[in-house]
Amino acid sequence: MKCLIENIVLPACLIALSSCACRDRADVIDGVRTTFQTSKEWRPTIDNRADAVMVYGVGGNPSDTKDGVITFEDRVRSWRDRGYVTHFMTGIAWGGYDDYFSGKWDGMMHLDEGQMQQDGDTIWHGRMTPYIVPSMNYLEYMKERHVKRVIDAGIDVIFMEEPEFWNRAGYSEAFKKEWRDYYGSDWLPQHESPENTYLSNKLKYHLYYRALDEVFTYAKEYGRSKGRDIKCYVPTHSLINYSQWQIVSPEASLASLSCVDGYIAQVWTGTSRVLNYYRGKAAERVFETAFLEYGCMESMTTPTGRKMFFLTDPIEDRACDWEDYKRNYQATFTAQLLYPHVADFEVMPWPERIYEGLYRVSADSEERARIPRFYSTQMQVMVNSLNRMPVSDNVLSGSHGVGVMMSNSLMFQTYPVHDGYEDPQLSDFFGQVMPFVKRGVPVEIVHMENLGYPETLADMKVLLMSYSNMKPMDPAAHRHLVSWVKKGGVLVYSGRDDDPFQKVPEWWNTDGNTYATASDHLFELMGIPHGAQEGGYRCGKGYVHVVRQDPKEYVLEDFGEKDFVGLVASLYQNEAGCGELKFANSFHLERGMYDVVAVMTESVSDEPYRLEGLVVDLYDHKLPVMEGAVVYPGEQRLYVNLDRVDRSRPQIIASASREYEEKIEENGYSFVAKGPVETLNASRILLPACPVSVLVDGKECLDAGSWHGLSGTYFLEFGNSPDGVKVEIKW
C-alpha cells in the first residue's frame with residue numbers, strides 16, 4: 001500500500017545544504033530564475049523552494065500586525081541560513097514609513113504628502129500608510145533609511161514596487177508645490193478641463209519617473225562605493241491594468257533609465273479579472289486579459305534587453321473561495337507560459353497568506369479553512385515546473401505579425417470624464433485586440449515609447465492603432481512609424497478623433513504646430529490629407545487604412561468587430577503578403593517537454609482541442625498519465641509530453657517538492673525532496689524499469705499499483721518537509 005510519511009524535522013546537524021547555498025556570488029543575479037516576496041522570517045510552512053526570496057520592507061509589510069520581534073537583518077539571515085539568495089523589496093509609493101510621516105526622521109510630520117482627492121480625503125493604503133506624493137525630501141528619506149540599510153545588510157538586488165499615482169488624486173498642497181516647480185505656474189484643478197487633467201497626469205508620471213531615477217541611481221552609486229554592483233528592478237502592474245484602474249505610472253519610459261535593470265510583471269487574478277467588453281457584454285475574461293497583460297509587459301522590455309520576471313498568485317487580494325482561486329490561477333499561469341522567451345518568474349507573493357490564510361471553502365459557504373491539500377499539491381507542482389521551464393524558440397500557434405500600439409498616455413485620459421466622452425473599461429484598447437485574441441491570433445503589444453529601438457517593429461506586418469484613448473508624447477514616434485510603413489508596413493488607424501483630449505495643448509498644436517488632431521501630423525508625414533477620410537492610402541512600399549470609428553465600437557456592440565476583423569484579415573493577406581490570417585479557438589505552445597494549451601469561449605467554434613501522445617496533467621494533483629488529452633472551451637492546461645522527455649536517465653517529471661542531491665546508479669536513483677511542512681508531495685518519476693524497492697526516509701513504501709508501465713513512470717506521495725525527505729529507488 002502507499003505509505004504517507006508524516007513530516008519529520010531532522011536535527012540541524014543532519015540538514016543537507018541545498019544547491020542554492022552553493023552558488024558563488026557571481027551567479028546570484030543571473031542564476032536566479034524563480035523568486036517570491038514575503039515580509040516574514042523563514043518558517044517551515046512557507047518554504048516553497050524558489051531560488052531567491054525578496055525580503056519585504058525594512059519594517060515588514062505595513063499590512064501585517066507589528067510584533068516588533070525580528071529585525072530586517074534577522075529576517076534576511078533566517079532565509080540565507082536555509083540556502084536562499086536574498087533580495088529586497090519595498091513599495092516606492094507606499095510602505096511602512098511611519099518614522100517619516102510621524103516626524104521621527106527629520107522632526108517634521110509629513111502626512112500632508114499623501115495623495116489627496118478632490119473632496120480633501122487622503123488615499124490610504126493602510127493605517128498610517130498613505131499613497132505618497134514623492135517629494136525630494138521623501139526620496140532622501142528612502143535613500144538614507146531604507147536603501148543604505150539594505151545594502152549594508154549585504155543585499156545586492158533591490159525591487160521598488162508599484163510606482164503609483166491615482167488619477168483621482170492631485171489636490172494636496174504637496175502636489176501643488178510640485179506643480180509650481182515643474183510647470184512654473186499656479187496649480188490647476190484637474191476636474192475642470194481636459195487640459196488640466198492631462199497636465200496633472202503628466203506631472204504624476206514625471207514624479208515617479210524621477211523617484212525611481214533618484215533612488216536607484218543612489219543605490220548603484222552607494223553600492224559602487226562598497227565595491228558592489230547593485231541591480232534595481234521595478235515590480236509593476238501592466239499598462240493595461242493601470243489604465244483600467246485609473247492609476248498613472250511611468251511604465252515603459254523607465255527603460256530609458258540606465259539605473260533600471262528590469263521589471264516584475266505584476267499580473268494575477270486580481271488584475272486580469274477586471275471586466276471588459278466583447279460583443280456588447282461586460283464580463284471577466286481572465287485568461288484573455290492575462291495573456292494581453294503579460295504580452296504588454298514582455299513587449300516593454302524585449303527591444304531593450306532588460307530582464308522580465310512574470311508573476312502569478314495562487315490566490316489574490318480579494319477574499320474569494322478556494323475553487324475561484326484555483327480556476328483563475330490556472331488561467332493566469334497558463335497565459336504567462338505562452339511567452340516562450342520569458343523564463344524568470346515570481347512564483348508567488350506573500351506565501352504566508354497562501355499557506356496560512358483562511359478563505360471560504362466554496363462560493364456558497366462562509367466556512368473558512370486553510371489551503372486544501374489537493375490545491376497546495378497542485379500549486380507546488382506548478383511552481384516547481386517553473387524551476388524547470390526552458391526558454392524556447394518555438395512559436396505560439398496562430399498567425400503572427402499583427403500588433404496593437406499602446407502609449408503611456410493611455411493612463412492620462414481615464415479620469416475624470418470630460419464633455420461626455422467615455423471609454424468604458426478601456427474598450428478603445430480591447431476593441432482592437434480582443435476580436436483577434438478570441439480568434440486565436442496572438443496579437444502583440446507595441447509600446448510607442450520603444451519605437452526608437454529597431455527591434456520593436458522588426459517582425460510586425462500589420463499594426464493597429466488609435467488616438468481615441470491615448471496621444472503621442474513625442475513627434476519622434478511618428479517619424480519611426482512613417483519609416484516602418486514606407487518600408488512595407490501596413491497601418492490600420494481607427495478613430496473619429498473627436499475626443500476632448502485632441503485639443504489639449506501639446507506638441508502637435510503648440511510651438512508653431514497647428515495640427516487640429518494628433519493624427520494629422522502623422523498623416524502629413526505619410527503624404528495623407530489632414531482629417532483623412534475613411535479608406536486606404538499608399539505610403540512608399542506600405543499601406544495605411546483609416547477607419548472612422550472609435551475602436552470601442554467594435555466591442556460595445558454585438559458582433560461590432562465583424563467588419564474590422566474582415567478588413568485586417570484582407571490587409572494581412574493582400575497588402576502585407578502574409579497569406580491567410582488563420583482563426584482558431586485555441587492557443588498551443590510546445591515548450592521543451594511541456595505542452596501549454598488554452599481553449600477560449602466566445603470564439604469561432606466550441607470544439608475542444610485534442611492533444612496526441614502520452615501526457616502528464618500538471619493541473620491534477622494526482623499527476624495522471626493519459627493517452628492523449630482533450631481541453632474544452634474555457635479551460636487551460638499544462639502537460640508534460642512524455643514523447644519529448646529524455647529517457648536516457650531516470651528523472652523527476654513533475655513534483656510538489658524540489659529535489660536536491662540527485663544520484664543515479666546502475667540500478668538505483670535517489671534524491672532529497674524539500675517542500676513546505678503541512679503539504680503533501682506528489683511526484684511522477686521516470687524510471688528505466690519497474691522498481692523493486694522505494695524507500696522514503698528509510699521506510700519501504702513500494703506500491704505496485706503506482707507503476708505506469710506504458711509511460712515507464714512511478715507515482716509517489718509523502719508528506720513534505722523543508723528539512724528534506726530522502727527517497728531511494730531500486731529496480
# chains A, B, ... in the order shown; residues from 1 in each chain; ligands from 1
>>> residues_around(residues="Gly398 of chain A", least_positions_apart="5", cutoff="12 Å", atoms="only C-alpha atoms", output="PyMOL selection string")
chain A and resi 338+436-444+580-589
>>> residues_around(residues="Leu337 of chain A", least_positions_apart="4", cutoff="9 Å", atoms="only C-alpha atoms", output="number ranges by chain")
A: 332-333, 342-343, 389, 589, 591, 596
>>> write_last_selection(atoms="all heavy atoms", output="compact mmCIF listing (two decimals), in the first residue's frame")
# COMPACT_ATOMS: atom_id res chain seq x y z
N THR A 332 -4.26 32.34 -15.37
CA THR A 332 -3.14 33.28 -15.46
C THR A 332 -1.81 32.55 -15.62
O THR A 332 -0.92 33.00 -16.35
CB THR A 332 -3.09 34.19 -14.22
OG1 THR A 332 -3.06 33.38 -13.04
CG2 THR A 332 -4.32 35.09 -14.15
N PHE A 333 -1.66 31.42 -14.95
CA PHE A 333 -0.43 30.63 -15.03
C PHE A 333 -0.21 30.16 -16.47
O PHE A 333 0.91 30.23 -17.00
CB PHE A 333 -0.53 29.43 -14.09
CG PHE A 333 0.77 28.72 -13.85
CD1 PHE A 333 1.59 29.07 -12.79
CD2 PHE A 333 1.16 27.67 -14.67
CE1 PHE A 333 2.78 28.40 -12.55
CE2 PHE A 333 2.35 26.99 -14.44
CZ PHE A 333 3.16 27.36 -13.37
N VAL A 342 10.35 34.20 -22.06
CA VAL A 342 10.43 34.61 -20.66
C VAL A 342 10.50 33.35 -19.80
O VAL A 342 9.60 32.50 -19.86
CB VAL A 342 9.23 35.47 -20.24
CG1 VAL A 342 9.28 35.79 -18.75
CG2 VAL A 342 9.20 36.76 -21.06
N ALA A 343 11.56 33.22 -19.01
CA ALA A 343 11.73 32.04 -18.16
C ALA A 343 12.21 32.44 -16.77
O ALA A 343 12.89 31.67 -16.09
CB ALA A 343 12.69 31.05 -18.79
N MET A 389 11.27 25.23 -16.34
CA MET A 389 10.70 25.74 -17.58
C MET A 389 11.78 26.36 -18.46
O MET A 389 12.44 27.32 -18.07
CB MET A 389 9.62 26.78 -17.27
CG MET A 389 8.77 27.19 -18.46
SD MET A 389 7.81 25.86 -19.21
CE MET A 389 6.82 25.30 -17.80
N LEU A 589 1.30 25.84 -27.34
CA LEU A 589 2.74 26.04 -27.44
C LEU A 589 3.46 24.81 -26.91
O LEU A 589 3.15 24.32 -25.83
CB LEU A 589 3.17 27.27 -26.62
CG LEU A 589 4.68 27.53 -26.54
CD1 LEU A 589 5.23 27.93 -27.90
CD2 LEU A 589 5.00 28.60 -25.50
N ARG A 591 6.85 23.72 -25.38
CA ARG A 591 7.94 24.41 -24.68
C ARG A 591 8.78 23.37 -23.95
O ARG A 591 8.45 22.98 -22.84
CB ARG A 591 7.34 25.44 -23.73
CG ARG A 591 8.35 26.34 -23.06
CD ARG A 591 7.67 27.52 -22.40
NE ARG A 591 8.65 28.32 -21.68
CZ ARG A 591 8.42 29.54 -21.22
NH1 ARG A 591 7.25 30.11 -21.41
NH2 ARG A 591 9.37 30.20 -20.58
N VAL A 596 1.50 23.60 -23.53
CA VAL A 596 0.66 24.62 -22.89
C VAL A 596 -0.53 24.85 -23.81
O VAL A 596 -0.36 25.15 -25.00
CB VAL A 596 1.43 25.93 -22.68
CG1 VAL A 596 0.63 26.88 -21.79
CG2 VAL A 596 2.81 25.69 -22.10
>>> residues_around(residues="Arg318 of chain A", least_positions_apart="4", cutoff="10 Å", atoms="only C-alpha atoms", output="PyMOL selection string")
chain A and resi 269-270+325
>>> residues_around(residues="Tyr183 of chain A", least_positions_apart="6", cutoff="12 Å", atoms="only C-alpha atoms", output="mmCIF file with N, CA and C atoms, in the first residue's frame")
data_model
loop_
_atom_site.group_PDB
_atom_site.id
_atom_site.type_symbol
_atom_site.label_atom_id
_atom_site.label_comp_id
_atom_site.auth_asym_id
_atom_site.auth_seq_id
_atom_site.Cartn_x
_atom_site.Cartn_y
_atom_site.Cartn_z
ATOM 1 N N PHE A 175 1.309 68.248 -3.810
ATOM 2 C CA PHE A 175 1.225 68.143 -5.266
ATOM 3 C C PHE A 175 1.213 69.527 -5.908
ATOM 4 N N LYS A 176 0.539 70.467 -5.287
ATOM 5 C CA LYS A 176 0.505 71.827 -5.831
ATOM 6 C C LYS A 176 1.906 72.436 -5.868
ATOM 7 N N LYS A 177 2.689 72.128 -4.858
ATOM 8 C CA LYS A 177 4.074 72.617 -4.858
ATOM 9 C C LYS A 177 4.855 72.012 -6.016
ATOM 10 N N ASN A 196 -6.341 70.485 -17.974
ATOM 11 C CA ASN A 196 -5.852 70.344 -16.602
ATOM 12 C C ASN A 196 -5.605 68.876 -16.247
ATOM 13 N N LEU A 199 -2.370 67.722 -17.974
ATOM 14 C CA LEU A 199 -1.196 68.287 -17.314
ATOM 15 C C LEU A 199 -0.960 67.644 -15.948
ATOM 16 N N SER A 200 -2.029 67.414 -15.217
ATOM 17 C CA SER A 200 -1.920 66.803 -13.902
ATOM 18 C C SER A 200 -1.320 65.403 -14.007
ATOM 19 N N LYS A 202 0.457 64.121 -16.491
ATOM 20 C CA LYS A 202 1.848 64.161 -16.949
ATOM 21 C C LYS A 202 2.792 64.431 -15.784
ATOM 22 N N LEU A 203 2.368 65.270 -14.856
ATOM 23 C CA LEU A 203 3.197 65.555 -13.690
ATOM 24 C C LEU A 203 3.311 64.320 -12.793
ATOM 25 N N HIS A 206 5.766 62.075 -14.298
ATOM 26 C CA HIS A 206 7.125 62.577 -14.099
ATOM 27 C C HIS A 206 7.617 62.315 -12.680
#
>>> atom_distance(atom1="atom CA of Met470 of chain A", atom2="atom CA of Ala516 of chain A")
15.4 Å
>>> closest_residue(among="A:Asn450, A:Gln432, A:Ser494, A:Ser193", to="Ser253 of chain A", atoms="only C-alpha atoms")
A:Asn450
>>> residues_around(residues="segment 124-140 of chain A", least_positions_apart="6", cutoff="6 Å", atoms="only C-alpha atoms", output="list in words")
Ala93, Trp94, Glu113, Gly114 and Gln115 of chain A
>>> select_by_dssp(residues="segment 144-214 of chain A", states="strand (DSSP E)", output="list of chain:residue names")
A:Val157, A:Ile158, A:Phe159, A:Met160, A:Glu161, A:Phe165, A:Trp166
>>> write_last_selection(atoms="all heavy atoms", output="short mmCIF file (atom, residue, chain, number, x, y, z; two decimals), in the first residue's frame")
data_model
loop_
_atom_site.label_atom_id
_atom_site.label_comp_id
_atom_site.auth_asym_id
_atom_site.auth_seq_id
_atom_site.Cartn_x
_atom_site.Cartn_y
_atom_site.Cartn_z
N VAL A 157 20.41 43.17 -4.72
CA VAL A 157 19.32 43.32 -5.69
C VAL A 157 18.13 43.95 -4.98
O VAL A 157 17.66 43.44 -3.95
CB VAL A 157 18.92 41.97 -6.30
CG1 VAL A 157 17.81 42.16 -7.34
CG2 VAL A 157 20.12 41.29 -6.95
N ILE A 158 17.66 45.07 -5.53
CA ILE A 158 16.59 45.85 -4.91
C ILE A 158 15.40 45.94 -5.86
O ILE A 158 15.56 46.27 -7.04
CB ILE A 158 17.10 47.26 -4.55
CG1 ILE A 158 18.18 47.17 -3.46
CG2 ILE A 158 15.95 48.17 -4.11
CD1 ILE A 158 18.84 48.50 -3.15
N PHE A 159 14.23 45.68 -5.32
CA PHE A 159 12.98 45.80 -6.07
C PHE A 159 12.14 46.91 -5.41
O PHE A 159 11.78 46.79 -4.24
CB PHE A 159 12.19 44.49 -6.04
CG PHE A 159 12.86 43.34 -6.76
CD1 PHE A 159 13.88 42.62 -6.15
CD2 PHE A 159 12.46 42.99 -8.04
CE1 PHE A 159 14.49 41.56 -6.80
CE2 PHE A 159 13.07 41.93 -8.70
CZ PHE A 159 14.08 41.21 -8.09
N MET A 160 11.86 47.96 -6.16
CA MET A 160 10.99 49.04 -5.68
C MET A 160 9.67 48.94 -6.44
O MET A 160 9.61 49.24 -7.63
CB MET A 160 11.64 50.41 -5.93
CG MET A 160 12.79 50.73 -5.01
SD MET A 160 12.17 51.32 -3.42
CE MET A 160 13.73 51.54 -2.54
N GLU A 161 8.64 48.51 -5.73
CA GLU A 161 7.43 48.14 -6.44
C GLU A 161 6.40 49.28 -6.52
O GLU A 161 6.37 50.18 -5.70
CB GLU A 161 6.77 46.92 -5.80
CG GLU A 161 6.08 47.15 -4.48
CD GLU A 161 5.09 46.02 -4.15
OE1 GLU A 161 4.59 45.35 -5.08
OE2 GLU A 161 4.81 45.83 -2.96
N PHE A 165 0.43 56.65 -8.89
CA PHE A 165 -0.23 57.90 -8.53
C PHE A 165 -1.65 57.82 -9.07
O PHE A 165 -1.86 57.68 -10.27
CB PHE A 165 0.50 59.10 -9.15
CG PHE A 165 0.44 60.35 -8.32
CD1 PHE A 165 1.60 61.01 -7.92
CD2 PHE A 165 -0.78 60.89 -7.93
CE1 PHE A 165 1.55 62.16 -7.16
CE2 PHE A 165 -0.85 62.04 -7.16
CZ PHE A 165 0.33 62.68 -6.78
N TRP A 166 -2.62 57.89 -8.19
CA TRP A 166 -4.02 57.73 -8.59
C TRP A 166 -4.48 58.90 -9.46
O TRP A 166 -4.19 60.06 -9.16
CB TRP A 166 -4.92 57.61 -7.36
CG TRP A 166 -4.75 56.30 -6.67
CD1 TRP A 166 -3.87 56.01 -5.66
CD2 TRP A 166 -5.45 55.09 -6.95
NE1 TRP A 166 -3.98 54.69 -5.30
CE2 TRP A 166 -4.94 54.10 -6.06
CE3 TRP A 166 -6.46 54.74 -7.85
CZ2 TRP A 166 -5.42 52.78 -6.07
CZ3 TRP A 166 -6.93 53.43 -7.85
CH2 TRP A 166 -6.42 52.47 -6.98
#
>>> residues_around(residues="Asn328 of chain A", least_positions_apart="2", cutoff="9 Å", atoms="only C-alpha atoms", output="number ranges by chain")
A: 268-269, 272-273, 286-287, 314-315, 323-326, 330-333
>>> write_last_selection(atoms="C-alpha atoms", output="compact mmCIF listing (two decimals), in the first residue's frame")
# COMPACT_ATOMS: atom_id res chain seq x y z
CA TRP A 268 -2.58 37.91 -11.34
CA THR A 269 -6.25 37.08 -10.88
CA SER A 272 -6.94 40.00 -15.02
CA ARG A 273 -10.48 39.57 -13.76
CA VAL A 286 -9.32 36.20 -17.09
CA PHE A 287 -7.22 34.12 -19.46
CA PRO A 314 -2.34 31.26 -6.33
CA ILE A 315 -4.87 33.46 -4.55
CA GLU A 323 -12.20 26.97 -6.15
CA ASP A 324 -12.27 30.51 -7.56
CA TYR A 325 -8.59 30.93 -6.72
CA LYS A 326 -7.64 27.61 -8.32
CA GLN A 330 -4.68 28.11 -13.81
CA ALA A 331 -5.84 30.75 -16.30
CA THR A 332 -3.14 33.28 -15.46
CA PHE A 333 -0.43 30.63 -15.03
>>> select_by_dssp(residues="segment 418-612 of chain A", states="alpha helix (DSSP H)", output="MDAnalysis selection string")
chainID A and resid 427:437 476:486 518:525 553:556 562:574
>>> closest_atom_pairs(of="segment 266-346 of chain A", to="segment 36-53 of chain A", cutoff="12 Å", atoms="only C-alpha atoms", output="tab-separated table")
residue	atom	partner	partner_atom	distance
A:Gln266	CA	A:Phe36	CA	11.9
A:Phe309	CA	A:Phe36	CA	10.6
A:Phe310	CA	A:Phe36	CA	10.9
A:Leu311	CA	A:Phe36	CA	8.8
A:Thr312	CA	A:Phe36	CA	10.0
A:Asp313	CA	A:Phe36	CA	10.1
A:Asp344	CA	A:Asp51	CA	10.5
A:Phe345	CA	A:Phe36	CA	8.4
A:Glu346	CA	A:Phe36	CA	5.1
>>> residues_around(residues="Lys552 of chain A", least_positions_apart="2", cutoff="9 Å", atoms="only C-alpha atoms", output="PyMOL selection string")
chain A and resi 277+423-424+426-432+468+549-550+554-557
>>> atom_distance(atom1="atom CA of Val492 of chain A", atom2="atom CA of Met300 of chain A")
21.5 Å
>>> atom_distance(atom1="atom CA of Gly579 of chain A", atom2="atom CA of Gly488 of chain A")
15.2 Å
>>> closest_atom_pairs(of="segment 176-212 of chain A", to="segment 71-91 of chain A", cutoff="12 Å", atoms="only C-alpha atoms", output="Markdown table")
| residue | atom | partner | partner_atom | distance |
| --- | --- | --- | --- | --- |
| A:Tyr208 | CA | A:Gly91 | CA | 11.8 |
| A:Ala211 | CA | A:Gly91 | CA | 11.6 |
| A:Leu212 | CA | A:Gly91 | CA | 11.0 |
>>> write_last_selection(atoms="C-alpha atoms", output="PDB file, in the first residue's frame")
ATOM      1  CA  TYR A 208       7.547  58.614 -10.175  1.00  0.00           C
ATOM      2  CA  ALA A 211      11.578  58.990  -7.881  1.00  0.00           C
ATOM      3  CA  LEU A 212      12.937  55.757  -9.329  1.00  0.00           C
TER       4      LEU A 212
END
>>> closest_residue(among="A:Pro500, A:Gly154, A:Gly280, A:Gly452", to="Lys226 of chain A", atoms="only C-alpha atoms")
A:Gly154
>>> closest_residue(among="A:Trp508, A:Trp322, A:Trp179, A:Phe101", to="Met473 of chain A", atoms="only C-alpha atoms")
A:Trp508
>>> closest_residue(among="A:Pro722, A:Gly107, A:Gly295, A:Gly527", to="Pro676 of chain A", atoms="only C-alpha atoms")
A:Pro722
